Amino acid sequence: MSGAALVIGLGSIGKRHARLLGELGLDVAAVSRHGDPALRCHASLAAALARETPSYVVIANETAAHRPTLAALAEAGFAGTVLVEKPLFDRPAPLPEHRFAGLYVGYNLRFHPLLAELRRRLAGERVLSAQAYVGQYLPDWRPERDYRRTASASRAAGGGVLRDLSHELDCLSWLFGPCHSVAALGGRSGALDIDSDDVAALLLAFERCPAATAQLNYLDRPGAREIVINTARHTLRADLRRGSLAIDGEEHFFPTERDETYLAQHRSALGNRRDTLCTAAEGAAVVALIAAAEAAAAGGTAVAP
């Protein structure tokens, strides 16, 4: 591939995006307060746009900064393609008016071949129930950094399990259609020195799945990511850490390197191939679902997103 890309934010995920875009053959620059000797870095978006001519922009700064960054990019008249790291925003908000060629949200797990196969297998099935579980011990995420100083640990920065681990909410919506109601429990367990939520348990009803649960936490050691689905004919158990899909107990394996899902996502975004990408509208629906879950947990009642 050829062309130029701009990555905004050089935390761990921003660095991954920059590296992979370079591997795809793009000329990559970045916006970062801290800089990176391997990249042309600019202190601000305005400075970057004055010196660079990207056709593809990846917004990978703190979640709370996504909307103002997207608004600034739109106000600058950018007309290329934009990928916003998940979640789209830290709270529900309208999209800014823009001229982007495409606007997508970085739910790269949609590109995992195991989930693609799961979705294919569910076509035409009557789904009865689903259970999603994801847990990962926050202090182990970025061993080189004090977890208490990361954006994940800060509610103001847009941290917390519902946002950091919202892949599960997107996956359930991708598999089963819009969510109609959510009840929730959770918050801060006190096990970690953070001011964001570290555990959430959700009870959800989707358009094509009347009874679903999702648990997300920063507490699981060594970590797990699984989805179990019962249909009228089969039980499907997807284990994303093992890359296995068991159908009525018979296992099929989909070994996949993590980078491959990101590379596939970038290729699709660069080509504006929208069949698997998370659209801005779908990303906004996940943000609305997160807000509804928080309202449900606070009020003790089920809430329609």
# chains A, B, ... in the order shown; residues from 1 in each chain; ligands from 1

$ closest_atom_pairs --of "range 183-256 of chain A" --to "range 284-300 of chain A" --cutoff "9 Å" --atoms "only C-alpha atoms" --output "CSV"
residue,atom,partner,partner_atom,distance
A:Ala183,CA,A:Ala296,CA,5.4
A:Ala184,CA,A:Ala297,CA,4.7
A:Leu185,CA,A:Ala297,CA,4.8
A:Gly186,CA,A:Ala297,CA,6.5
A:Gly187,CA,A:Ala297,CA,8.1
A:Ala200,CA,A:Ala297,CA,8.7
A:Leu202,CA,A:Ala293,CA,7.2

$ select_by_dssp --residues "range 1-81 of chain A" --states "helix (DSSP H, G or I)" --output "PDB file with N, CA and C atoms, in the first residue's frame"
ATOM      1  N   SER A  12       0.369   2.806  24.085  1.00  0.00           N
ATOM      2  CA  SER A  12       0.680   1.473  23.571  1.00  0.00           C
ATOM      3  C   SER A  12      -0.108   1.150  22.304  1.00  0.00           C
ATOM      4  N   ILE A  13      -1.387   1.527  22.256  1.00  0.00           N
ATOM      5  CA  ILE A  13      -2.188   1.205  21.082  1.00  0.00           C
ATOM      6  C   ILE A  13      -1.810   2.108  19.912  1.00  0.00           C
ATOM      7  N   GLY A  14      -1.486   3.374  20.176  1.00  0.00           N
ATOM      8  CA  GLY A  14      -1.062   4.265  19.105  1.00  0.00           C
ATOM      9  C   GLY A  14       0.238   3.794  18.477  1.00  0.00           C
ATOM     10  N   LYS A  15       1.164   3.334  19.287  1.00  0.00           N
ATOM     11  CA  LYS A  15       2.421   2.801  18.761  1.00  0.00           C
ATOM     12  C   LYS A  15       2.179   1.560  17.922  1.00  0.00           C
ATOM     13  N   ARG A  16       1.241   0.724  18.352  1.00  0.00           N
ATOM     14  CA  ARG A  16       0.921  -0.461  17.547  1.00  0.00           C
ATOM     15  C   ARG A  16       0.380  -0.055  16.179  1.00  0.00           C
ATOM     16  N   HIS A  17      -0.562   0.892  16.177  1.00  0.00           N
ATOM     17  CA  HIS A  17      -1.111   1.349  14.905  1.00  0.00           C
ATOM     18  C   HIS A  17      -0.012   1.921  14.013  1.00  0.00           C
ATOM     19  N   ALA A  18       0.867   2.750  14.566  1.00  0.00           N
ATOM     20  CA  ALA A  18       1.935   3.353  13.771  1.00  0.00           C
ATOM     21  C   ALA A  18       2.846   2.283  13.169  1.00  0.00           C
ATOM     22  N   ARG A  19       3.214   1.306  13.988  1.00  0.00           N
ATOM     23  CA  ARG A  19       4.095   0.230  13.496  1.00  0.00           C
ATOM     24  C   ARG A  19       3.422  -0.557  12.371  1.00  0.00           C
ATOM     25  N   LEU A  20       2.159  -0.911  12.561  1.00  0.00           N
ATOM     26  CA  LEU A  20       1.476  -1.732  11.564  1.00  0.00           C
ATOM     27  C   LEU A  20       1.215  -0.957  10.273  1.00  0.00           C
ATOM     28  N   LEU A  21       0.905   0.317  10.382  1.00  0.00           N
ATOM     29  CA  LEU A  21       0.710   1.119   9.177  1.00  0.00           C
ATOM     30  C   LEU A  21       2.014   1.254   8.406  1.00  0.00           C
ATOM     31  N   GLY A  22       3.134   1.346   9.132  1.00  0.00           N
ATOM     32  CA  GLY A  22       4.429   1.346   8.475  1.00  0.00           C
ATOM     33  C   GLY A  22       4.682   0.030   7.755  1.00  0.00           C
ATOM     34  N   GLU A  23       4.301  -1.074   8.387  1.00  0.00           N
ATOM     35  CA  GLU A  23       4.467  -2.385   7.758  1.00  0.00           C
ATOM     36  C   GLU A  23       3.610  -2.525   6.506  1.00  0.00           C
ATOM     37  N   LEU A  45      -2.293  18.697  16.583  1.00  0.00           N
ATOM     38  CA  LEU A  45      -2.935  18.315  15.335  1.00  0.00           C
ATOM     39  C   LEU A  45      -2.761  19.402  14.285  1.00  0.00           C
ATOM     40  N   ALA A  46      -2.899  20.667  14.700  1.00  0.00           N
ATOM     41  CA  ALA A  46      -2.747  21.771  13.747  1.00  0.00           C
ATOM     42  C   ALA A  46      -1.364  21.763  13.120  1.00  0.00           C
ATOM     43  N   ALA A  47      -0.336  21.542  13.936  1.00  0.00           N
ATOM     44  CA  ALA A  47       1.033  21.495  13.409  1.00  0.00           C
ATOM     45  C   ALA A  47       1.207  20.333  12.450  1.00  0.00           C
ATOM     46  N   ALA A  48       0.617  19.201  12.779  1.00  0.00           N
ATOM     47  CA  ALA A  48       0.736  18.032  11.913  1.00  0.00           C
ATOM     48  C   ALA A  48       0.069  18.277  10.565  1.00  0.00           C
ATOM     49  N   LEU A  49      -1.125  18.845  10.574  1.00  0.00           N
ATOM     50  CA  LEU A  49      -1.837  19.072   9.317  1.00  0.00           C
ATOM     51  C   LEU A  49      -1.192  20.164   8.479  1.00  0.00           C
ATOM     52  N   ALA A  50      -0.435  21.055   9.118  1.00  0.00           N
ATOM     53  CA  ALA A  50       0.274  22.098   8.372  1.00  0.00           C
ATOM     54  C   ALA A  50       1.475  21.528   7.630  1.00  0.00           C
ATOM     55  N   ARG A  51       2.009  20.382   8.099  1.00  0.00           N
ATOM     56  CA  ARG A  51       3.241  19.835   7.527  1.00  0.00           C
ATOM     57  C   ARG A  51       3.052  18.490   6.839  1.00  0.00           C
ATOM     58  N   THR A  63      -9.515   8.206  25.660  1.00  0.00           N
ATOM     59  CA  THR A  63     -10.908   8.130  25.229  1.00  0.00           C
ATOM     60  C   THR A  63     -11.631   9.467  25.406  1.00  0.00           C
ATOM     61  N   ALA A  64     -11.377  10.158  26.515  1.00  0.00           N
ATOM     62  CA  ALA A  64     -12.051  11.427  26.767  1.00  0.00           C
ATOM     63  C   ALA A  64     -11.671  12.493  25.743  1.00  0.00           C
ATOM     64  N   ALA A  65     -10.565  12.285  25.025  1.00  0.00           N
ATOM     65  CA  ALA A  65     -10.114  13.264  24.030  1.00  0.00           C
ATOM     66  C   ALA A  65     -10.592  12.920  22.623  1.00  0.00           C
ATOM     67  N   HIS A  66     -11.270  11.795  22.439  1.00  0.00           N
ATOM     68  CA  HIS A  66     -11.664  11.388  21.090  1.00  0.00           C
ATOM     69  C   HIS A  66     -12.578  12.403  20.414  1.00  0.00           C
ATOM     70  N   ARG A  67     -13.634  12.842  21.123  1.00  0.00           N
ATOM     71  CA  ARG A  67     -14.574  13.729  20.447  1.00  0.00           C
ATOM     72  C   ARG A  67     -13.960  15.086  20.112  1.00  0.00           C
ATOM     73  N   PRO A  68     -13.262  15.762  21.056  1.00  0.00           N
ATOM     74  CA  PRO A  68     -12.652  17.034  20.661  1.00  0.00           C
ATOM     75  C   PRO A  68     -11.615  16.882  19.544  1.00  0.00           C
ATOM     76  N   THR A  69     -10.908  15.763  19.527  1.00  0.00           N
ATOM     77  CA  THR A  69      -9.940  15.540  18.453  1.00  0.00           C
ATOM     78  C   THR A  69     -10.658  15.353  17.124  1.00  0.00           C
ATOM     79  N   LEU A  70     -11.727  14.572  17.125  1.00  0.00           N
ATOM     80  CA  LEU A  70     -12.491  14.361  15.900  1.00  0.00           C
ATOM     81  C   LEU A  70     -13.104  15.673  15.417  1.00  0.00           C
ATOM     82  N   ALA A  71     -13.598  16.482  16.344  1.00  0.00           N
ATOM     83  CA  ALA A  71     -14.177  17.782  15.979  1.00  0.00           C
ATOM     84  C   ALA A  71     -13.119  18.698  15.369  1.00  0.00           C
ATOM     85  N   ALA A  72     -11.915  18.707  15.939  1.00  0.00           N
ATOM     86  CA  ALA A  72     -10.841  19.538  15.405  1.00  0.00           C
ATOM     87  C   ALA A  72     -10.433  19.076  14.009  1.00  0.00           C
ATOM     88  N   LEU A  73     -10.429  17.775  13.799  1.00  0.00           N
ATOM     89  CA  LEU A  73     -10.083  17.237  12.486  1.00  0.00           C
ATOM     90  C   LEU A  73     -11.144  17.623  11.462  1.00  0.00           C
ATOM     91  N   ALA A  74     -12.413  17.562  11.863  1.00  0.00           N
ATOM     92  CA  ALA A  74     -13.494  17.962  10.961  1.00  0.00           C
ATOM     93  C   ALA A  74     -13.434  19.451  10.652  1.00  0.00           C
ATOM     94  N   GLU A  75     -13.171  20.252  11.669  1.00  0.00           N
ATOM     95  CA  GLU A  75     -13.091  21.706  11.476  1.00  0.00           C
ATOM     96  C   GLU A  75     -11.937  22.089  10.567  1.00  0.00           C
TER      97      GLU A  75
END

$ closest_residue --among "A:Arg121, A:Cys278, A:Ala214, A:Pro305" --to "Thr231 in chain A" --atoms "only C-alpha atoms"
A:Arg121

$ residues_around --residues "range 78-89 of chain A" --least-positions-apart "5" --cutoff "8 Å" --atoms "only C-alpha atoms" --output "PyMOL selection string"
chain A and resi 54-60+63-67+73+98-107+163-164+166-167+269-270+272+280+283-284+286-287

$ residues_around --residues "Gly159 in chain A" --least-positions-apart "6" --cutoff "9 Å" --atoms "only C-alpha atoms" --output "number ranges by chain"
A: 62-64, 90, 150-153, 195-197

$ write_last_selection --atoms "N, CA and C atoms" --output "compact mmCIF listing (two decimals), in the first residue's frame"
# COMPACT_ATOMS: atom_id res chain seq x y z
N GLU A 62 -6.34 9.44 24.56
CA GLU A 62 -7.24 9.04 25.63
C GLU A 62 -8.70 9.11 25.17
N THR A 63 -9.52 8.21 25.66
CA THR A 63 -10.91 8.13 25.23
C THR A 63 -11.63 9.47 25.41
N ALA A 64 -11.38 10.16 26.52
CA ALA A 64 -12.05 11.43 26.77
C ALA A 64 -11.67 12.49 25.74
N ASP A 90 -16.26 8.89 25.13
CA ASP A 90 -16.39 8.46 26.53
C ASP A 90 -17.82 8.53 27.02
N THR A 150 -2.20 5.07 34.37
CA THR A 150 -2.68 4.89 33.00
C THR A 150 -4.08 5.48 32.85
N ALA A 151 -4.49 5.69 31.59
CA ALA A 151 -5.84 6.20 31.33
C ALA A 151 -6.90 5.23 31.81
N SER A 152 -6.59 3.93 31.80
CA SER A 152 -7.57 2.94 32.25
C SER A 152 -7.97 3.16 33.70
N ALA A 153 -7.04 3.66 34.50
CA ALA A 153 -7.29 3.85 35.93
C ALA A 153 -8.05 5.13 36.23
N ASP A 195 -9.67 5.01 40.23
CA ASP A 195 -10.97 5.64 40.49
C ASP A 195 -11.98 5.32 39.38
N SER A 196 -11.63 4.41 38.46
CA SER A 196 -12.56 3.94 37.45
C SER A 196 -13.13 2.59 37.88
N ASP A 197 -14.20 2.17 37.23
CA ASP A 197 -14.84 0.90 37.57
C ASP A 197 -13.98 -0.27 37.11

$ closest_residue --among "A:Asp248, A:Asp27, A:Glu125, A:Glu226" --to "Cys209 in chain A" --atoms "only C-alpha atoms"
A:Glu125

$ residues_around --residues "Arg237 in chain A" --least-positions-apart "5" --cutoff "12 Å" --atoms "only C-alpha atoms" --output "PDB file with N, CA and C atoms, in the first residue's frame"
ATOM      1  N   LEU A 114     -12.123 -16.454  14.107  1.00  0.00           N
ATOM      2  CA  LEU A 114     -13.002 -17.231  14.979  1.00  0.00           C
ATOM      3  C   LEU A 114     -14.368 -16.560  15.086  1.00  0.00           C
ATOM      4  N   LEU A 115     -14.382 -15.238  15.305  1.00  0.00           N
ATOM      5  CA  LEU A 115     -15.664 -14.532  15.424  1.00  0.00           C
ATOM      6  C   LEU A 115     -16.386 -14.466  14.087  1.00  0.00           C
ATOM      7  N   GLU A 117     -16.290 -16.819  11.863  1.00  0.00           N
ATOM      8  CA  GLU A 117     -16.899 -18.138  11.730  1.00  0.00           C
ATOM      9  C   GLU A 117     -18.110 -18.286  12.649  1.00  0.00           C
ATOM     10  N   LEU A 118     -17.998 -17.758  13.858  1.00  0.00           N
ATOM     11  CA  LEU A 118     -19.129 -17.800  14.784  1.00  0.00           C
ATOM     12  C   LEU A 118     -20.334 -17.083  14.187  1.00  0.00           C
ATOM     13  N   ARG A 121     -21.843 -19.164  11.463  1.00  0.00           N
ATOM     14  CA  ARG A 121     -22.568 -20.330  11.986  1.00  0.00           C
ATOM     15  C   ARG A 121     -23.926 -19.938  12.575  1.00  0.00           C
ATOM     16  N   SER A 129     -29.841 -17.982  24.099  1.00  0.00           N
ATOM     17  CA  SER A 129     -29.119 -17.275  25.165  1.00  0.00           C
ATOM     18  C   SER A 129     -27.664 -17.114  24.775  1.00  0.00           C
ATOM     19  N   ALA A 130     -26.998 -16.161  25.425  1.00  0.00           N
ATOM     20  CA  ALA A 130     -25.577 -15.926  25.180  1.00  0.00           C
ATOM     21  C   ALA A 130     -24.930 -15.421  26.463  1.00  0.00           C
ATOM     22  N   GLN A 131     -23.667 -15.768  26.604  1.00  0.00           N
ATOM     23  CA  GLN A 131     -22.894 -15.314  27.758  1.00  0.00           C
ATOM     24  C   GLN A 131     -21.510 -14.904  27.282  1.00  0.00           C
ATOM     25  N   ALA A 132     -21.128 -13.666  27.566  1.00  0.00           N
ATOM     26  CA  ALA A 132     -19.792 -13.174  27.215  1.00  0.00           C
ATOM     27  C   ALA A 132     -19.030 -12.870  28.497  1.00  0.00           C
ATOM     28  N   TYR A 133     -17.782 -13.255  28.514  1.00  0.00           N
ATOM     29  CA  TYR A 133     -16.928 -12.997  29.680  1.00  0.00           C
ATOM     30  C   TYR A 133     -15.577 -12.519  29.195  1.00  0.00           C
ATOM     31  N   ARG A 225     -11.231 -14.681  27.762  1.00  0.00           N
ATOM     32  CA  ARG A 225     -12.162 -14.002  26.844  1.00  0.00           C
ATOM     33  C   ARG A 225     -12.963 -15.080  26.123  1.00  0.00           C
ATOM     34  N   GLU A 226     -14.237 -15.207  26.480  1.00  0.00           N
ATOM     35  CA  GLU A 226     -15.067 -16.301  25.978  1.00  0.00           C
ATOM     36  C   GLU A 226     -16.483 -15.822  25.676  1.00  0.00           C
ATOM     37  N   ILE A 227     -17.114 -16.481  24.729  1.00  0.00           N
ATOM     38  CA  ILE A 227     -18.529 -16.270  24.432  1.00  0.00           C
ATOM     39  C   ILE A 227     -19.179 -17.640  24.285  1.00  0.00           C
ATOM     40  N   VAL A 228     -20.260 -17.883  25.018  1.00  0.00           N
ATOM     41  CA  VAL A 228     -21.018 -19.138  24.926  1.00  0.00           C
ATOM     42  C   VAL A 228     -22.427 -18.800  24.448  1.00  0.00           C
ATOM     43  N   ILE A 229     -22.869 -19.507  23.401  1.00  0.00           N
ATOM     44  CA  ILE A 229     -24.170 -19.222  22.797  1.00  0.00           C
ATOM     45  C   ILE A 229     -24.959 -20.514  22.666  1.00  0.00           C
ATOM     46  N   ASN A 230     -26.190 -20.482  23.112  1.00  0.00           N
ATOM     47  CA  ASN A 230     -27.114 -21.599  22.922  1.00  0.00           C
ATOM     48  C   ASN A 230     -28.141 -21.209  21.866  1.00  0.00           C
ATOM     49  N   THR A 231     -28.258 -22.039  20.828  1.00  0.00           N
ATOM     50  CA  THR A 231     -29.318 -21.857  19.840  1.00  0.00           C
ATOM     51  C   THR A 231     -30.308 -23.008  19.995  1.00  0.00           C
ATOM     52  N   ARG A 242      -7.588 -19.051  23.317  1.00  0.00           N
ATOM     53  CA  ARG A 242      -7.100 -20.295  22.723  1.00  0.00           C
ATOM     54  C   ARG A 242      -7.312 -20.340  21.211  1.00  0.00           C
ATOM     55  N   GLY A 243      -8.159 -19.453  20.716  1.00  0.00           N
ATOM     56  CA  GLY A 243      -8.483 -19.492  19.300  1.00  0.00           C
ATOM     57  C   GLY A 243      -9.337 -20.683  18.928  1.00  0.00           C
ATOM     58  N   SER A 244     -10.209 -21.111  19.848  1.00  0.00           N
ATOM     59  CA  SER A 244     -10.999 -22.314  19.606  1.00  0.00           C
ATOM     60  C   SER A 244     -12.489 -22.001  19.560  1.00  0.00           C
ATOM     61  N   LEU A 245     -13.187 -22.728  18.709  1.00  0.00           N
ATOM     62  CA  LEU A 245     -14.641 -22.661  18.634  1.00  0.00           C
ATOM     63  C   LEU A 245     -15.169 -24.083  18.760  1.00  0.00           C
ATOM     64  N   ALA A 246     -15.863 -24.369  19.861  1.00  0.00           N
ATOM     65  CA  ALA A 246     -16.440 -25.694  20.085  1.00  0.00           C
ATOM     66  C   ALA A 246     -17.919 -25.641  19.719  1.00  0.00           C
ATOM     67  N   ILE A 247     -18.319 -26.541  18.848  1.00  0.00           N
ATOM     68  CA  ILE A 247     -19.721 -26.636  18.434  1.00  0.00           C
ATOM     69  C   ILE A 247     -20.241 -27.979  18.911  1.00  0.00           C
ATOM     70  N   ASP A 248     -21.112 -27.951  19.893  1.00  0.00           N
ATOM     71  CA  ASP A 248     -21.603 -29.166  20.546  1.00  0.00           C
ATOM     72  C   ASP A 248     -20.440 -30.036  21.017  1.00  0.00           C
ATOM     73  N   GLY A 249     -19.392 -29.383  21.485  1.00  0.00           N
ATOM     74  CA  GLY A 249     -18.245 -30.090  22.038  1.00  0.00           C
ATOM     75  C   GLY A 249     -17.135 -30.380  21.051  1.00  0.00           C
ATOM     76  N   GLU A 250     -17.395 -30.283  19.760  1.00  0.00           N
ATOM     77  CA  GLU A 250     -16.368 -30.551  18.750  1.00  0.00           C
ATOM     78  C   GLU A 250     -15.585 -29.271  18.464  1.00  0.00           C
ATOM     79  N   GLU A 251     -14.274 -29.310  18.726  1.00  0.00           N
ATOM     80  CA  GLU A 251     -13.459 -28.096  18.644  1.00  0.00           C
ATOM     81  C   GLU A 251     -12.878 -27.869  17.252  1.00  0.00           C
ATOM     82  N   HIS A 252     -12.867 -26.582  16.889  1.00  0.00           N
ATOM     83  CA  HIS A 252     -12.213 -26.114  15.667  1.00  0.00           C
ATOM     84  C   HIS A 252     -11.287 -24.976  16.090  1.00  0.00           C
ATOM     85  N   PHE A 253     -10.101 -24.916  15.474  1.00  0.00           N
ATOM     86  CA  PHE A 253      -9.115 -23.937  15.929  1.00  0.00           C
ATOM     87  C   PHE A 253      -8.829 -22.892  14.857  1.00  0.00           C
TER      88      PHE A 253
END

$ decode --residues "range 133-157 of chain A" --atoms "N, CA and C atoms" --output "CSV table (one decimal), in the first residue's frame"
chain,number,residue,atom,x,y,z
A,133,TYR,N,-17.8,-13.3,28.5
A,133,TYR,CA,-16.9,-13.0,29.7
A,133,TYR,C,-15.6,-12.5,29.2
A,134,VAL,N,-15.1,-11.4,29.8
A,134,VAL,CA,-13.7,-11.0,29.5
A,134,VAL,C,-13.2,-10.4,30.8
A,135,GLY,N,-12.0,-10.9,31.1
A,135,GLY,CA,-11.3,-10.4,32.3
A,135,GLY,C,-9.8,-10.4,32.1
A,136,GLN,N,-9.2,-9.4,32.6
A,136,GLN,CA,-7.7,-9.3,32.4
A,136,GLN,C,-7.2,-8.4,33.6
A,137,TYR,N,-6.2,-8.8,34.3
A,137,TYR,CA,-5.7,-8.1,35.4
A,137,TYR,C,-5.0,-6.8,35.0
A,138,LEU,N,-5.5,-5.7,35.4
A,138,LEU,CA,-5.0,-4.4,34.9
A,138,LEU,C,-3.5,-4.2,35.2
A,139,PRO,N,-3.0,-4.5,36.3
A,139,PRO,CA,-1.5,-4.3,36.5
A,139,PRO,C,-0.7,-5.0,35.5
A,140,ASP,N,-1.2,-6.1,34.9
A,140,ASP,CA,-0.4,-6.8,33.9
A,140,ASP,C,-0.5,-6.3,32.5
A,141,TRP,N,-1.4,-5.4,32.2
A,141,TRP,CA,-1.6,-4.9,30.9
A,141,TRP,C,-0.4,-4.3,30.3
A,142,ARG,N,0.2,-3.4,31.0
A,142,ARG,CA,1.4,-2.6,30.5
A,142,ARG,C,2.4,-2.7,31.6
A,143,PRO,N,3.2,-3.8,31.6
A,143,PRO,CA,4.1,-4.1,32.7
A,143,PRO,C,5.2,-3.0,32.9
A,144,GLU,N,5.4,-2.2,31.8
A,144,GLU,CA,6.5,-1.2,31.9
A,144,GLU,C,5.9,0.1,32.6
A,145,ARG,N,4.6,0.2,32.9
A,145,ARG,CA,4.1,1.4,33.5
A,145,ARG,C,3.3,1.0,34.8
A,146,ASP,N,3.2,2.0,35.7
A,146,ASP,CA,2.4,1.9,36.9
A,146,ASP,C,1.0,2.0,36.4
A,147,TYR,N,0.2,0.9,36.7
A,147,TYR,CA,-1.2,0.9,36.2
A,147,TYR,C,-2.0,2.0,36.8
A,148,ARG,N,-1.6,2.5,37.9
A,148,ARG,CA,-2.4,3.6,38.6
A,148,ARG,C,-2.3,4.9,37.8
A,149,ARG,N,-1.3,5.0,36.9
A,149,ARG,CA,-1.1,6.3,36.2
A,149,ARG,C,-1.5,6.1,34.7
A,150,THR,N,-2.2,5.1,34.4
A,150,THR,CA,-2.7,4.9,33.0
A,150,THR,C,-4.1,5.5,32.8
A,151,ALA,N,-4.5,5.7,31.6
A,151,ALA,CA,-5.8,6.2,31.3
A,151,ALA,C,-6.9,5.2,31.8
A,152,SER,N,-6.6,3.9,31.8
A,152,SER,CA,-7.6,2.9,32.2
A,152,SER,C,-8.0,3.2,33.7
A,153,ALA,N,-7.0,3.7,34.5
A,153,ALA,CA,-7.3,3.8,35.9
A,153,ALA,C,-8.0,5.1,36.2
A,154,SER,N,-8.2,6.0,35.2
A,154,SER,CA,-8.8,7.3,35.4
A,154,SER,C,-10.2,7.4,34.8
A,155,ARG,N,-11.2,7.7,35.6
A,155,ARG,CA,-12.5,7.9,35.1
A,155,ARG,C,-12.6,9.1,34.2
A,156,ALA,N,-11.9,10.2,34.6
A,156,ALA,CA,-11.8,11.4,33.9
A,156,ALA,C,-11.2,11.2,32.5
A,157,ALA,N,-10.3,10.3,32.3
A,157,ALA,CA,-9.7,10.1,31.0
A,157,ALA,C,-10.5,9.1,30.2
